[in-house]
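Asker: So here's coords_13.cif, just mmCIF, C-alpha atoms and all ligand atoms:
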```
data_query
loop_
_atom_site.label_atom_id
_atom_site.label_comp_id
_atom_site.auth_asym_id
_atom_site.auth_seq_id
_atom_site.Cartn_x
_atom_site.Cartn_y
_atom_site.Cartn_z
CA MET A 1 -13.41 -12.31 9.41
CA ASN A 2 -13.30 -13.21 5.76
CA PRO A 3 -10.23 -12.64 3.56
CA VAL A 4 -11.83 -9.68 1.72
CA SER A 5 -12.37 -7.77 4.96
CA HIS A 6 -8.82 -8.59 6.04
CA LEU A 7 -7.50 -7.38 2.68
CA LEU A 8 -9.42 -4.10 2.77
CA THR A 9 -8.43 -3.44 6.39
CA SER A 10 -4.75 -3.88 5.57
CA TRP A 11 -5.03 -1.81 2.41
CA VAL A 12 -6.57 1.10 4.32
CA VAL A 13 -3.88 0.84 7.04
CA ALA A 14 -1.13 0.65 4.38
CA ASN A 15 -2.36 3.98 3.05
CA THR A 16 -2.06 5.79 6.37
CA ALA A 17 1.65 6.29 5.60
CA ASP A 18 3.42 7.52 2.53
CA LEU A 19 4.64 4.20 1.14
CA THR A 20 5.76 3.00 -2.28
CA PRO A 21 3.52 0.49 -4.10
CA ARG A 22 5.84 -2.34 -3.05
CA ASP A 23 5.67 -1.43 0.63
CA ARG A 24 1.90 -1.00 0.40
CA ALA A 25 1.65 -4.49 -1.10
CA LEU A 26 3.79 -5.96 1.70
CA VAL A 27 1.54 -4.42 4.35
CA THR A 28 -1.65 -5.44 2.53
CA LEU A 29 -0.53 -9.04 2.04
CA ALA A 30 0.62 -9.33 5.66
CA GLY A 31 -2.97 -8.76 6.74
CA VAL A 32 -4.29 -11.63 4.61
CA VAL A 33 -1.51 -14.21 4.62
CA PRO A 34 -2.20 -15.65 8.13
CA ASP A 35 -5.21 -17.40 6.61
CA ILE A 36 -3.01 -19.66 4.48
CA ASP A 37 -3.13 -21.99 7.48
CA GLY A 38 -6.73 -22.60 6.36
CA LEU A 39 -5.60 -24.16 3.08
CA GLY A 40 -5.50 -27.52 4.86
CA ILE A 41 -9.25 -27.57 4.22
CA ILE A 42 -8.50 -28.93 0.75
CA ALA A 43 -6.64 -31.95 2.12
CA GLU A 44 -9.27 -32.40 4.80
CA ILE A 45 -12.19 -32.50 2.35
CA LEU A 46 -10.33 -34.74 -0.08
CA THR A 47 -9.44 -37.31 2.57
CA GLU A 48 -12.64 -37.07 4.60
CA GLN A 49 -14.03 -40.43 3.46
CA THR A 50 -10.74 -42.30 3.48
CA ALA A 51 -9.20 -44.57 6.09
CA PHE A 52 -6.65 -41.88 6.95
CA PRO A 53 -8.42 -38.52 7.05
CA LEU A 54 -6.04 -35.55 7.32
CA LEU A 55 -7.47 -33.10 9.83
CA TRP A 56 -5.23 -30.25 8.70
CA TYR A 57 -7.96 -27.62 8.68
CA SER A 58 -9.41 -28.52 12.07
CA LYS A 59 -5.95 -28.82 13.58
CA TYR A 60 -4.05 -25.93 12.04
CA HIS A 61 -6.50 -23.21 10.98
CA HIS A 62 -6.15 -20.19 13.30
CA VAL A 63 -3.16 -21.94 14.88
CA LEU A 64 -0.16 -22.20 12.58
CA CYS A 65 -0.08 -18.59 11.31
CA HIS A 66 -2.23 -16.87 13.94
CA ASN A 67 0.43 -16.34 16.58
CA LEU A 68 3.12 -13.90 17.64
CA GLY A 69 5.92 -16.00 16.13
CA PHE A 70 4.36 -15.75 12.66
CA GLY A 71 3.71 -12.01 13.16
CA LEU A 72 7.38 -11.43 13.92
CA LEU A 73 8.34 -13.48 10.87
CA LEU A 74 6.18 -11.19 8.73
CA ALA A 75 7.81 -8.11 10.28
CA VAL A 76 11.30 -9.45 9.52
CA THR A 77 10.22 -10.21 5.94
CA ALA A 78 8.99 -6.61 5.65
CA ILE A 79 12.31 -5.25 6.91
CA LEU A 80 14.17 -7.35 4.34
CA PHE A 81 12.04 -6.51 1.31
CA SER A 82 10.61 -3.03 1.82
CA ILE A 83 11.97 0.41 1.05
CA ARG A 84 10.75 2.30 4.11
CA ARG A 85 11.80 -0.60 6.30
CA TRP A 86 10.74 0.42 9.79
CA MET A 87 7.48 2.06 8.85
CA THR A 88 6.53 -0.94 6.71
CA ALA A 89 7.46 -3.42 9.44
CA PHE A 90 5.50 -1.39 11.98
CA LEU A 91 2.39 -1.32 9.78
CA VAL A 92 2.82 -5.05 9.09
CA LEU A 93 2.61 -5.68 12.83
CA VAL A 94 -0.43 -3.40 13.06
CA VAL A 95 -2.35 -5.22 10.30
CA PHE A 96 -1.30 -8.62 11.61
CA HIS A 97 -2.79 -7.77 15.01
CA LEU A 98 -5.90 -6.29 13.39
CA HIS A 99 -6.27 -9.63 11.59
CA LEU A 100 -6.18 -11.48 14.91
CA LEU A 101 -8.61 -8.97 16.41
CA GLY A 102 -10.99 -9.38 13.46
CA ASP A 103 -10.89 -13.15 13.87
CA LEU A 104 -11.36 -12.85 17.61
CA VAL A 105 -14.50 -10.71 17.40
CA GLY A 106 -16.18 -12.07 14.30
CA SER A 107 -15.27 -15.53 13.06
CA ARG A 108 -17.62 -17.87 14.83
CA GLY A 109 -18.39 -20.80 12.54
CA PRO A 110 -21.90 -22.02 11.74
CA ASP A 111 -21.28 -24.86 14.20
CA GLY A 112 -20.55 -22.31 16.93
CA TYR A 113 -16.85 -23.15 17.14
CA GLN A 114 -14.82 -20.18 18.35
CA TRP A 115 -11.32 -20.83 16.99
CA PRO A 116 -9.26 -19.90 20.07
CA ILE A 117 -6.04 -18.14 19.00
CA PRO A 118 -2.76 -19.42 20.51
CA TYR A 119 -1.22 -15.93 20.49
CA TRP A 120 2.02 -16.66 22.37
CA THR A 121 3.08 -19.63 20.19
CA PRO A 122 5.91 -20.63 19.82
CA PHE A 123 7.15 -18.81 22.92
CA SER A 124 4.55 -20.27 25.24
CA ASP A 125 1.33 -22.21 24.82
CA GLY A 126 -0.06 -21.11 28.13
CA TRP A 127 -3.30 -19.37 27.24
CA LYS A 128 -5.31 -18.73 24.14
CA LEU A 129 -7.24 -15.68 23.02
CA MET A 130 -10.98 -16.08 22.98
CA TRP A 131 -13.96 -13.77 23.33
CA THR A 132 -17.33 -15.12 24.33
CA GLY A 133 -19.18 -12.31 22.54
CA GLN A 134 -17.77 -13.45 19.20
CA TRP A 135 -20.24 -13.03 16.35
CA GLU A 136 -20.61 -15.22 13.30
CA LEU A 137 -18.52 -14.87 10.18
CA ASN A 138 -21.49 -13.65 8.16
CA ALA A 139 -23.15 -11.56 10.90
CA TRP A 140 -24.17 -7.93 10.30
CA PRO A 141 -21.21 -6.25 12.07
CA ASN A 142 -18.88 -7.91 9.55
CA VAL A 143 -21.05 -6.74 6.68
CA LEU A 144 -21.07 -3.19 8.08
CA ILE A 145 -17.30 -3.16 8.67
CA THR A 146 -16.70 -4.44 5.13
CA ALA A 147 -18.99 -1.76 3.68
CA LEU A 148 -17.12 0.97 5.59
CA LEU A 149 -13.76 -0.41 4.43
CA LEU A 150 -15.02 -0.44 0.86
CA ALA A 151 -16.06 3.20 1.19
CA ALA A 152 -12.60 4.06 2.56
CA THR A 153 -10.97 2.16 -0.32
CA ILE A 154 -12.99 4.16 -2.88
CA TYR A 155 -12.14 7.40 -1.08
CA ILE A 156 -8.41 6.56 -1.17
CA ALA A 157 -8.62 5.58 -4.85
CA ARG A 158 -10.23 8.89 -5.80
CA ARG A 159 -7.92 11.01 -3.70
CA LYS A 160 -4.64 9.24 -4.04
CA GLY A 161 -5.13 7.48 -7.35
CA CYS A 162 -4.43 3.90 -6.29
CA SER A 163 -6.45 0.85 -5.28
CA PRO A 164 -5.65 -2.73 -4.25
CA LEU A 165 -5.75 -3.58 -7.97
CA GLU A 166 -2.27 -2.06 -8.32
CA MET A 167 -0.92 -5.28 -6.78
CA VAL A 168 -2.27 -7.23 -9.75
CA SER A 169 -2.11 -4.84 -12.69
CA LYS A 170 -1.14 -1.18 -12.99
CA ARG A 171 -3.40 -0.80 -16.01
CA ALA A 172 -6.44 -2.26 -14.30
CA ASP A 173 -5.71 0.00 -11.36
CA SER A 174 -5.58 3.21 -13.41
CA ALA A 175 -8.72 2.20 -15.33
CA PHE A 176 -10.54 1.59 -12.06
CA VAL A 177 -9.36 4.89 -10.56
CA SER A 178 -10.40 6.89 -13.62
CA ILE A 179 -13.88 5.33 -13.54
CA LEU A 180 -14.21 6.32 -9.89
CA ARG A 181 -12.95 9.82 -10.57
CA ARG A 182 -15.39 10.34 -13.42
CA GLN A 183 -18.33 10.09 -11.04
CA TYR A 184 -19.77 13.49 -10.02
ZN ZN B 201 -7.51 -15.45 10.19
#
```
Translate this file's structure into structure tokens.
Ligand SMILES: [Zn+2]
Answerer:
Amino acid sequence: MNPVSHLLTSWVVANTADLTPRDRALVTLAGVVPDIDGLGIIAEILTEQTAFPLLWYSKYHHVLCHNLGFGLLLAVTAILFSIRRWMTAFLVLVVFHLHLLGDLVGSRGPDGYQWPIPYWTPFSDGWKLMWTGQWELNAWPNVLITALLLAATIYIARRKGCSPLEMVSKRADSAFVSILRRQY
């Protein structure tokens, strides 16, 4: 799944409990941050034509941060930095696993590559998660899921008065919420 769908999924999950803005941000970010292992794409593109190409994207994307070890690291971080520690850590684990699930069902690349997920790393590298029915990253189920998540995000904003924008700017967030509330 793409980062926007991951972000909206985690935001909606973060709002299932009564959390402070900081805890909500921790949960929301935890659902997106596994994809930082895809940043190697920059090095890979830059070195593609050189004598020593760095295959960091091909090697590490969906590997380095898409495993149980990284999920537990996120949960520990949540315990250290959140206010409602256990609830936040629990929801962090939920969104982390939803991230893996989203990637498992809908992240097939244009070349058909399936990105098997080494879930048990670093405890064991026995078997990897893969689903043969996996659809493409830009296939209709992803579009539908993203549309539903967007609807849920608008619903939460109107009811509760907060949106993912609160992580960037409180002012932008209140402006956005008041625009949404002015409708109807
Ligand atoms: Zn991912």
Asker: By how many Å are atom CA of Lys128 of chain A and atom CA of Pro116 of chain A apart?
Answerer: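 Separation of atom CA of Lys128 of chain A and atom CA of Pro116 of chain A: 5.8 Å.
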Asker: Using all atoms listed in the file, tabulate the residues of chain A lying at most 8 Å from any atom of ligand ZN 201 (chain B), each with its closest atom pair and that distance in Å to one decimal, by chain and increasing residue number, as a tab-separated table.
Answerer:
```
residue	atom	partner	partner_atom	distance
A:Met1	CA	B:ZN201	ZN	6.7
A:Asn2	CA	B:ZN201	ZN	7.6
A:Pro3	CA	B:ZN201	ZN	7.7
A:Val32	CA	B:ZN201	ZN	7.5
A:Pro34	CA	B:ZN201	ZN	5.7
A:Asp35	CA	B:ZN201	ZN	4.7
A:His61	CA	B:ZN201	ZN	7.9
A:His62	CA	B:ZN201	ZN	5.8
A:His66	CA	B:ZN201	ZN	6.6
A:His99	CA	B:ZN201	ZN	6.1
A:Leu100	CA	B:ZN201	ZN	6.3
A:Gly102	CA	B:ZN201	ZN	7.7
A:Asp103	CA	B:ZN201	ZN	5.5
```
Asker: Only C-alpha atoms, please: the residues just picked out, written as a PDB file, keeping the file's coordinate frame.
Answerer:
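This is the output file out-v8.pdb:
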```
ATOM      1  CA  MET A   1     -13.410 -12.310   9.410  1.00  0.00           C
ATOM      2  CA  ASN A   2     -13.300 -13.210   5.760  1.00  0.00           C
ATOM      3  CA  PRO A   3     -10.230 -12.640   3.560  1.00  0.00           C
ATOM      4  CA  VAL A  32      -4.290 -11.630   4.610  1.00  0.00           C
ATOM      5  CA  PRO A  34      -2.200 -15.650   8.130  1.00  0.00           C
ATOM      6  CA  ASP A  35      -5.210 -17.400   6.610  1.00  0.00           C
ATOM      7  CA  HIS A  61      -6.500 -23.210  10.980  1.00  0.00           C
ATOM      8  CA  HIS A  62      -6.150 -20.190  13.300  1.00  0.00           C
ATOM      9  CA  HIS A  66      -2.230 -16.870  13.940  1.00  0.00           C
ATOM     10  CA  HIS A  99      -6.270  -9.630  11.590  1.00  0.00           C
ATOM     11  CA  LEU A 100      -6.180 -11.480  14.910  1.00  0.00           C
ATOM     12  CA  GLY A 102     -10.990  -9.380  13.460  1.00  0.00           C
ATOM     13  CA  ASP A 103     -10.890 -13.150  13.870  1.00  0.00           C
TER      14      ASP A 103
END
```
Asker: So that I can check the surroundings of Val4 of chain A, please list as a ChimeraX atom specification every protein, DNA and RNA residue that reaches within 10 Å of it, counting only C-alpha atoms and ignoring chain neighbours fewer than 6 positions away.
Answerer: /A:10,32,146,149-150
Asker: Return the single residue from A:Ser174, A:Thr20, A:Thr153, A:Thr9 that is closest to Arg85 of chain A, with distances computed using only C-alpha atoms.
Answerer: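 Between A:Ser174, A:Thr20, A:Thr153, A:Thr9, the residue approaching Arg85 of chain A most closely is A:Thr20.
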Asker: Can you pull out every residue within 8 Å of Trp135 of chain A, counting all atoms listed in the file, but drop anything in the same chain fewer than 5 positions away, and send it as a PDB file with C-alpha atoms, in the coordinates of the input?
Answerer:
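Result file follows (part-v2.pdb):
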```pdb
ATOM      1  CA  VAL A 105     -14.500 -10.710  17.400  1.00  0.00           C
ATOM      2  CA  GLY A 106     -16.180 -12.070  14.300  1.00  0.00           C
ATOM      3  CA  SER A 107     -15.270 -15.530  13.060  1.00  0.00           C
ATOM      4  CA  ARG A 108     -17.620 -17.870  14.830  1.00  0.00           C
TER       5      ARG A 108
END
```
Asker: Given all atoms listed in the file as the basis, pick out the residue of A:Met130, A:Ala139, A:Ala25, A:Val63 nearest to Cys162 of chain A.
Answerer: A:Ala25
Asker: Nearest residue to Ala14 of chain A out of A:Leu39, A:Val27, A:Leu80, A:Leu137, using only C-alpha atoms?
Answerer: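 When distances to Ala14 of chain A are compared using only C-alpha atoms, the smallest one comes from A:Val27.
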Asker: So how many Å separate atom CA of Ile179 of chain A and atom CA of Pro21 of chain A, to one decimal?
Answerer: 20.4 Å
Asker: Leaving out Val92 of chain A and any residue of its chain fewer than 2 positions from it, which residues lie within 8 Å of it when counting only C-alpha atoms, given as a list of chain:residue names?
Answerer: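 After dropping sequence-adjacent residues, the list is A:Leu26, A:Val27, A:Thr28, A:Ala30, A:Gly31, A:Leu74, A:Ala75, A:Ala78, A:Thr88, A:Ala89, A:Phe90, A:Val94, A:Val95, A:Phe96.
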Asker: Grab the residues selected above and save them as a tab-separated table (two decimals), keeping the file's coordinate frame with C-alpha atoms.
Answerer:
```tsv
chain	number	residue	atom	x	y	z
A	26	LEU	CA	3.79	-5.96	1.70
A	27	VAL	CA	1.54	-4.42	4.35
A	28	THR	CA	-1.65	-5.44	2.53
A	30	ALA	CA	0.62	-9.33	5.66
A	31	GLY	CA	-2.97	-8.76	6.74
A	74	LEU	CA	6.18	-11.19	8.73
A	75	ALA	CA	7.81	-8.11	10.28
A	78	ALA	CA	8.99	-6.61	5.65
A	88	THR	CA	6.53	-0.94	6.71
A	89	ALA	CA	7.46	-3.42	9.44
A	90	PHE	CA	5.50	-1.39	11.98
A	94	VAL	CA	-0.43	-3.40	13.06
A	95	VAL	CA	-2.35	-5.22	10.30
A	96	PHE	CA	-1.30	-8.62	11.61
```
Asker: Report the distance between atom CA of Asp18 of chain A and atom CA of Gln183 of chain A in Å, rounded to one decimal place.
Answerer: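 The value is 25.8 Å.
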Asker: Rank nothing, just name the residue among A:Phe52, A:Thr121, A:Gly109, A:Gln114 nearest to Phe70 of chain A, using only C-alpha atoms.
Answerer: A:Thr121
Asker: Compare A:Ala17, A:Ala151, A:Leu98, A:Leu104 by their minimum atom-to-atom distance to Glu136 of chain A, counting only C-alpha atoms, and give me the closest one.
Answerer: A:Leu104
Asker: Using all atoms listed in the file, find the one residue out of A:Trp140, A:Trp120, A:Trp127, A:Tyr155 that sits nearest to Leu64 of chain A.
Answerer: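 For Leu64 of chain A, the nearest of the given residues is A:Trp120.
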Asker: How would segment 45-79 of chain A read, as a PDB file, in the coordinates of the input, once N, CA and C atoms are built in?
Answerer:
```pdb
ATOM      1  N   ILE A  45     -10.999 -32.091   3.116  1.00  0.00           N
ATOM      2  CA  ILE A  45     -12.190 -32.500   2.350  1.00  0.00           C
ATOM      3  C   ILE A  45     -11.866 -33.708   1.467  1.00  0.00           C
ATOM      4  N   LEU A  46     -10.693 -33.662   0.839  1.00  0.00           N
ATOM      5  CA  LEU A  46     -10.330 -34.740  -0.080  1.00  0.00           C
ATOM      6  C   LEU A  46     -10.179 -36.088   0.624  1.00  0.00           C
ATOM      7  N   THR A  47      -9.729 -36.050   1.890  1.00  0.00           N
ATOM      8  CA  THR A  47      -9.440 -37.310   2.570  1.00  0.00           C
ATOM      9  C   THR A  47     -10.521 -37.695   3.580  1.00  0.00           C
ATOM     10  N   GLU A  48     -11.573 -36.897   3.622  1.00  0.00           N
ATOM     11  CA  GLU A  48     -12.640 -37.070   4.600  1.00  0.00           C
ATOM     12  C   GLU A  48     -13.160 -38.514   4.681  1.00  0.00           C
ATOM     13  N   GLN A  49     -13.395 -39.101   3.511  1.00  0.00           N
ATOM     14  CA  GLN A  49     -14.030 -40.430   3.460  1.00  0.00           C
ATOM     15  C   GLN A  49     -13.007 -41.566   3.450  1.00  0.00           C
ATOM     16  N   THR A  50     -11.739 -41.247   3.583  1.00  0.00           N
ATOM     17  CA  THR A  50     -10.740 -42.300   3.480  1.00  0.00           C
ATOM     18  C   THR A  50     -10.426 -42.897   4.862  1.00  0.00           C
ATOM     19  N   ALA A  51      -9.575 -43.916   4.835  1.00  0.00           N
ATOM     20  CA  ALA A  51      -9.200 -44.570   6.090  1.00  0.00           C
ATOM     21  C   ALA A  51      -8.276 -43.681   6.921  1.00  0.00           C
ATOM     22  N   PHE A  52      -7.577 -42.760   6.233  1.00  0.00           N
ATOM     23  CA  PHE A  52      -6.650 -41.880   6.950  1.00  0.00           C
ATOM     24  C   PHE A  52      -6.985 -40.408   6.705  1.00  0.00           C
ATOM     25  N   PRO A  53      -8.061 -39.918   7.299  1.00  0.00           N
ATOM     26  CA  PRO A  53      -8.420 -38.520   7.050  1.00  0.00           C
ATOM     27  C   PRO A  53      -7.357 -37.571   7.627  1.00  0.00           C
ATOM     28  N   LEU A  54      -7.006 -36.553   6.854  1.00  0.00           N
ATOM     29  CA  LEU A  54      -6.040 -35.550   7.320  1.00  0.00           C
ATOM     30  C   LEU A  54      -6.820 -34.378   7.903  1.00  0.00           C
ATOM     31  N   LEU A  55      -6.682 -34.160   9.186  1.00  0.00           N
ATOM     32  CA  LEU A  55      -7.470 -33.100   9.830  1.00  0.00           C
ATOM     33  C   LEU A  55      -6.694 -31.788   9.857  1.00  0.00           C
ATOM     34  N   TRP A  56      -6.099 -31.428   8.719  1.00  0.00           N
ATOM     35  CA  TRP A  56      -5.230 -30.250   8.700  1.00  0.00           C
ATOM     36  C   TRP A  56      -5.961 -28.947   8.951  1.00  0.00           C
ATOM     37  N   TYR A  57      -7.199 -28.866   8.468  1.00  0.00           N
ATOM     38  CA  TYR A  57      -7.960 -27.620   8.680  1.00  0.00           C
ATOM     39  C   TYR A  57      -8.352 -27.499  10.153  1.00  0.00           C
ATOM     40  N   SER A  58      -8.971 -28.553  10.668  1.00  0.00           N
ATOM     41  CA  SER A  58      -9.410 -28.520  12.070  1.00  0.00           C
ATOM     42  C   SER A  58      -8.241 -28.301  13.013  1.00  0.00           C
ATOM     43  N   LYS A  59      -7.099 -28.896  12.667  1.00  0.00           N
ATOM     44  CA  LYS A  59      -5.950 -28.820  13.580  1.00  0.00           C
ATOM     45  C   LYS A  59      -5.180 -27.523  13.465  1.00  0.00           C
ATOM     46  N   TYR A  60      -5.006 -27.023  12.227  1.00  0.00           N
ATOM     47  CA  TYR A  60      -4.050 -25.930  12.040  1.00  0.00           C
ATOM     48  C   TYR A  60      -4.654 -24.572  11.735  1.00  0.00           C
ATOM     49  N   HIS A  61      -5.946 -24.529  11.311  1.00  0.00           N
ATOM     50  CA  HIS A  61      -6.500 -23.210  10.980  1.00  0.00           C
ATOM     51  C   HIS A  61      -6.630 -22.388  12.260  1.00  0.00           C
ATOM     52  N   HIS A  62      -6.198 -21.124  12.164  1.00  0.00           N
ATOM     53  CA  HIS A  62      -6.150 -20.190  13.300  1.00  0.00           C
ATOM     54  C   HIS A  62      -5.114 -20.624  14.337  1.00  0.00           C
ATOM     55  N   VAL A  63      -4.195 -21.497  13.953  1.00  0.00           N
ATOM     56  CA  VAL A  63      -3.160 -21.940  14.880  1.00  0.00           C
ATOM     57  C   VAL A  63      -1.785 -21.610  14.303  1.00  0.00           C
ATOM     58  N   LEU A  64      -1.493 -22.262  13.162  1.00  0.00           N
ATOM     59  CA  LEU A  64      -0.160 -22.200  12.580  1.00  0.00           C
ATOM     60  C   LEU A  64       0.335 -20.773  12.293  1.00  0.00           C
ATOM     61  N   CYS A  65      -0.510 -19.946  11.711  1.00  0.00           N
ATOM     62  CA  CYS A  65      -0.080 -18.590  11.310  1.00  0.00           C
ATOM     63  C   CYS A  65      -0.802 -17.499  12.093  1.00  0.00           C
ATOM     64  N   HIS A  66      -1.535 -17.866  13.124  1.00  0.00           N
ATOM     65  CA  HIS A  66      -2.230 -16.870  13.940  1.00  0.00           C
ATOM     66  C   HIS A  66      -1.560 -16.811  15.308  1.00  0.00           C
ATOM     67  N   ASN A  67      -0.276 -16.439  15.310  1.00  0.00           N
ATOM     68  CA  ASN A  67       0.430 -16.340  16.580  1.00  0.00           C
ATOM     69  C   ASN A  67       1.581 -15.343  16.452  1.00  0.00           C
ATOM     70  N   LEU A  68       2.091 -14.944  17.604  1.00  0.00           N
ATOM     71  CA  LEU A  68       3.120 -13.900  17.640  1.00  0.00           C
ATOM     72  C   LEU A  68       4.354 -14.274  16.830  1.00  0.00           C
ATOM     73  N   GLY A  69       4.738 -15.549  16.876  1.00  0.00           N
ATOM     74  CA  GLY A  69       5.920 -16.000  16.130  1.00  0.00           C
ATOM     75  C   GLY A  69       5.765 -15.697  14.650  1.00  0.00           C
ATOM     76  N   PHE A  70       4.594 -15.990  14.087  1.00  0.00           N
ATOM     77  CA  PHE A  70       4.360 -15.750  12.660  1.00  0.00           C
ATOM     78  C   PHE A  70       4.326 -14.239  12.386  1.00  0.00           C
ATOM     79  N   GLY A  71       3.749 -13.469  13.311  1.00  0.00           N
ATOM     80  CA  GLY A  71       3.710 -12.010  13.160  1.00  0.00           C
ATOM     81  C   GLY A  71       5.109 -11.426  13.071  1.00  0.00           C
ATOM     82  N   LEU A  72       5.996 -11.925  13.924  1.00  0.00           N
ATOM     83  CA  LEU A  72       7.380 -11.430  13.920  1.00  0.00           C
ATOM     84  C   LEU A  72       8.086 -11.829  12.624  1.00  0.00           C
ATOM     85  N   LEU A  73       7.768 -13.022  12.127  1.00  0.00           N
ATOM     86  CA  LEU A  73       8.340 -13.480  10.870  1.00  0.00           C
ATOM     87  C   LEU A  73       7.915 -12.540   9.726  1.00  0.00           C
ATOM     88  N   LEU A  74       6.673 -12.123   9.756  1.00  0.00           N
ATOM     89  CA  LEU A  74       6.180 -11.190   8.730  1.00  0.00           C
ATOM     90  C   LEU A  74       6.906  -9.841   8.840  1.00  0.00           C
ATOM     91  N   ALA A  75       7.127  -9.391  10.084  1.00  0.00           N
ATOM     92  CA  ALA A  75       7.810  -8.110  10.280  1.00  0.00           C
ATOM     93  C   ALA A  75       9.238  -8.168   9.753  1.00  0.00           C
ATOM     94  N   VAL A  76       9.923  -9.283  10.011  1.00  0.00           N
ATOM     95  CA  VAL A  76      11.300  -9.450   9.520  1.00  0.00           C
ATOM     96  C   VAL A  76      11.298  -9.469   7.987  1.00  0.00           C
ATOM     97  N   THR A  77      10.335 -10.174   7.402  1.00  0.00           N
ATOM     98  CA  THR A  77      10.220 -10.210   5.940  1.00  0.00           C
ATOM     99  C   THR A  77      10.046  -8.783   5.408  1.00  0.00           C
ATOM    100  N   ALA A  78       9.227  -7.998   6.087  1.00  0.00           N
ATOM    101  CA  ALA A  78       8.990  -6.610   5.650  1.00  0.00           C
ATOM    102  C   ALA A  78      10.284  -5.805   5.717  1.00  0.00           C
ATOM    103  N   ILE A  79      11.056  -5.990   6.782  1.00  0.00           N
ATOM    104  CA  ILE A  79      12.310  -5.250   6.910  1.00  0.00           C
ATOM    105  C   ILE A  79      13.248  -5.609   5.757  1.00  0.00           C
TER     106      ILE A  79
END
```
